[in-house]
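Participant: I am attaching a structure below and will ask some questions about it afterwards.
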Amino acid sequence: MKVEILHRPTNSAAKCILGPNEEVTAEAGAMIAMSADTSITTSTYKKEGGGVLKALKRMLAGESFFLNHFQAGPRGGEVYLATTLLGDMMEFETRGETLIVQAGSYVASEKGVNIDVGWQGFKNLFSGESLFWLKISGQGKFILSSFGMIYPVEVNGAYVVDTGHIVAFEETLNFTIAKSAKGWISSFLSGEGLVCKFEGKGRIYCQSHNPNSFGYKLGPHLRPRR
Amino acid sequence: MKAQIDGSPSFAHIHIDLDPGESILVEPDAMASMSAEIEMTTRFNGGFVKGLIKKFLGGESLFINEFKNPTNTTQRLTLTQPTPGNIVELDLNNSSLCLQPGAFIAATSGLNLGVRYAGISSFLAREGLFKIEISGTGKLFYGAYGGILEKQVNGEYIVDSGHLVGYDPHMKLKVKLAGGLISSFTSGEGIVTKVEGTGKIILQTRSIEGLADWINPYLY
């Protein structure tokens, strides 16, 4: 698969160029256009990304994460992918390393890339923030997106990131959930709440904007649903 | 302190390198990431009473955060704003600027964040009964939804309420109908803000209320 990211960083879209019969897996709803002889299957009942038990596990956990598998025809083809919010996209490649990815940032991956939905490292602590996490490993290319721009941070020591700004981080980093200030009361009053503290050596990919903050800004102006 | 604004104009965010001992005042929730060595403390925005006035009558945050570098090496702090848009760094030199609620992002320690009575007409224009005035000497960072326009005004100028970001403190805000009683509402402009005086006004090219008005018909 060859990937070209177009219209960075505001209106990014990924053009995936596939060889004959080559496959790409993408988050449901990400496809905006593709060659006519490309076939689509969904992972809830097929392919290595799913299996009935795993799909059931996702549904029980309230994590409806469906994957579409696109397979090019015998002459190869193209698939264009994009996300809902304005923002950036980046191409990554894993050669056995593991990256923990905020599920909303996942866009697509090659066949050799494993996506594990069961990673529970953060789950209980962020129950209010509808975030869940994917563990990406294996061999191959994958594409992640962000709300705003992606900026990498090389950690050697300790670094703090607001949970809404995490796109992905290398598994070599240890993390703890920390208070943003020294005391609990000021952590709560500060508006920063709980933050993620990373320790060790590795890279974090942050997004410049926080979808939750944008939602809180816009929400009060929206009329209630009937 | 070294500040670098990246991602302009759509996704502006600020990378700030704090020198040893330096501190900066920051709007709640503006911190995206930072070195774990940096200490954050929270306090009332200009004291308890002023803080309450700002919160309930000026539409500002009740609290403000101070980020301080207690180490003897430079430490990085990255700040942002809730909306996509641009951010401006402004050097104030014994001068002041009024900002609309939500525009303030950060100020260096030489600046004072005050409140001033803005008048009933400002309140009626839904711009708040009090206004937020940043004064002193230092660096001020403010942001906007969309791009930022500056306009030098001499006399009177009309601004759509949701698009005003800031203005020189001695300027007055008044509420006004965009046209006659009927055309004001049929034109889609409704009530606008009239700015009076001599000085600079700062505008944003998008408005959150405008986006909400566009989305609302689709919610059912």
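A note on labels: chains of the structure tokens are A, B, ... as shown, every chain counts residues from 1, and ligands are counted from 1 in their shown order.
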List the neighbours of A:Asp162 out to 6 Å using only C-alpha atoms; skip same-chain residues closer than 5 positions along the sequence, and give me the result as a list in words.
Facilitator: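 Listed by chain and then number, they are Val195 of chain A; Ala32 and Ser33 of chain B.
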Participant: Taking the DSSP secondary structure from the backbone, can you list the residues of stretch 82-157 of chain B that are alpha helix (DSSP H), as a compact mmCIF listing (two decimals) with C-alpha atoms, in the first residue's frame?
Facilitator:
```txt
# COMPACT_ATOMS: atom_id res chain seq x y z
CA ILE B 120 -25.70 48.70 30.97
CA SER B 121 -25.56 49.01 27.19
CA SER B 122 -22.75 46.48 27.03
CA PHE B 123 -24.85 44.14 29.17
CA LEU B 124 -27.84 44.60 26.86
```
Participant: I want to know what sits within 6 Å of stretch 131-135 of chain B, based on only C-alpha atoms, with residues of the same chain fewer than 5 positions away left out; could you give that as a list in words?
Facilitator: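 Final neighbour list, sorted by chain and number: Gly58, Ser95, Ser96, Leu97, Cys98, Leu99, Leu111, Asn112, Leu113, Gly114, Val115, Arg116 and Ala118 of chain B.
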Participant: Counting only C-alpha atoms, what is within 8 Å of A:Lys141, bar same-chain residues fewer than 6 positions away, as a list in words?
Facilitator: Met1, Glu91, Phe92, Glu93, Thr94, Ser109, Glu110 and Val113 of chain A
Participant: Let's have the selection written as a CSV table (one decimal), in the first residue's frame, with C-alpha atoms.
Facilitator:
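result09.csv, written as the output of this step:
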```
chain,number,residue,atom,x,y,z
A,1,MET,CA,0.0,0.0,0.0
A,91,GLU,CA,1.2,7.9,8.2
A,92,PHE,CA,2.9,5.5,10.6
A,93,GLU,CA,4.7,2.2,10.2
A,94,THR,CA,5.2,-0.5,12.8
A,109,SER,CA,-4.1,0.0,8.5
A,110,GLU,CA,-2.5,-2.6,6.3
A,113,VAL,CA,-1.2,-4.6,11.4
```
Participant: Mind listing the strand (DSSP E or B) residues of stretch 73-220 of chain A, per DSSP on the backbone, as number ranges by chain?
Facilitator: A: 77-82, 87, 89-95, 99-102, 106-110, 113-116, 133-145, 148, 150-162, 166-170, 174-179, 194-207
Participant: Smallest atom-to-atom distance to A:Cys196: which of A:Tyr216, A:Val161, A:Ser208, A:Asn68, using only C-alpha atoms?
Facilitator: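 Under the stated criterion, the closest residue is A:Val161.
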Participant: Determine the nearest neighbour of chain B from the options A:Tyr151, A:Tyr80, A:Phe198, A:Tyr159, counting only C-alpha atoms.
Facilitator: A:Tyr159
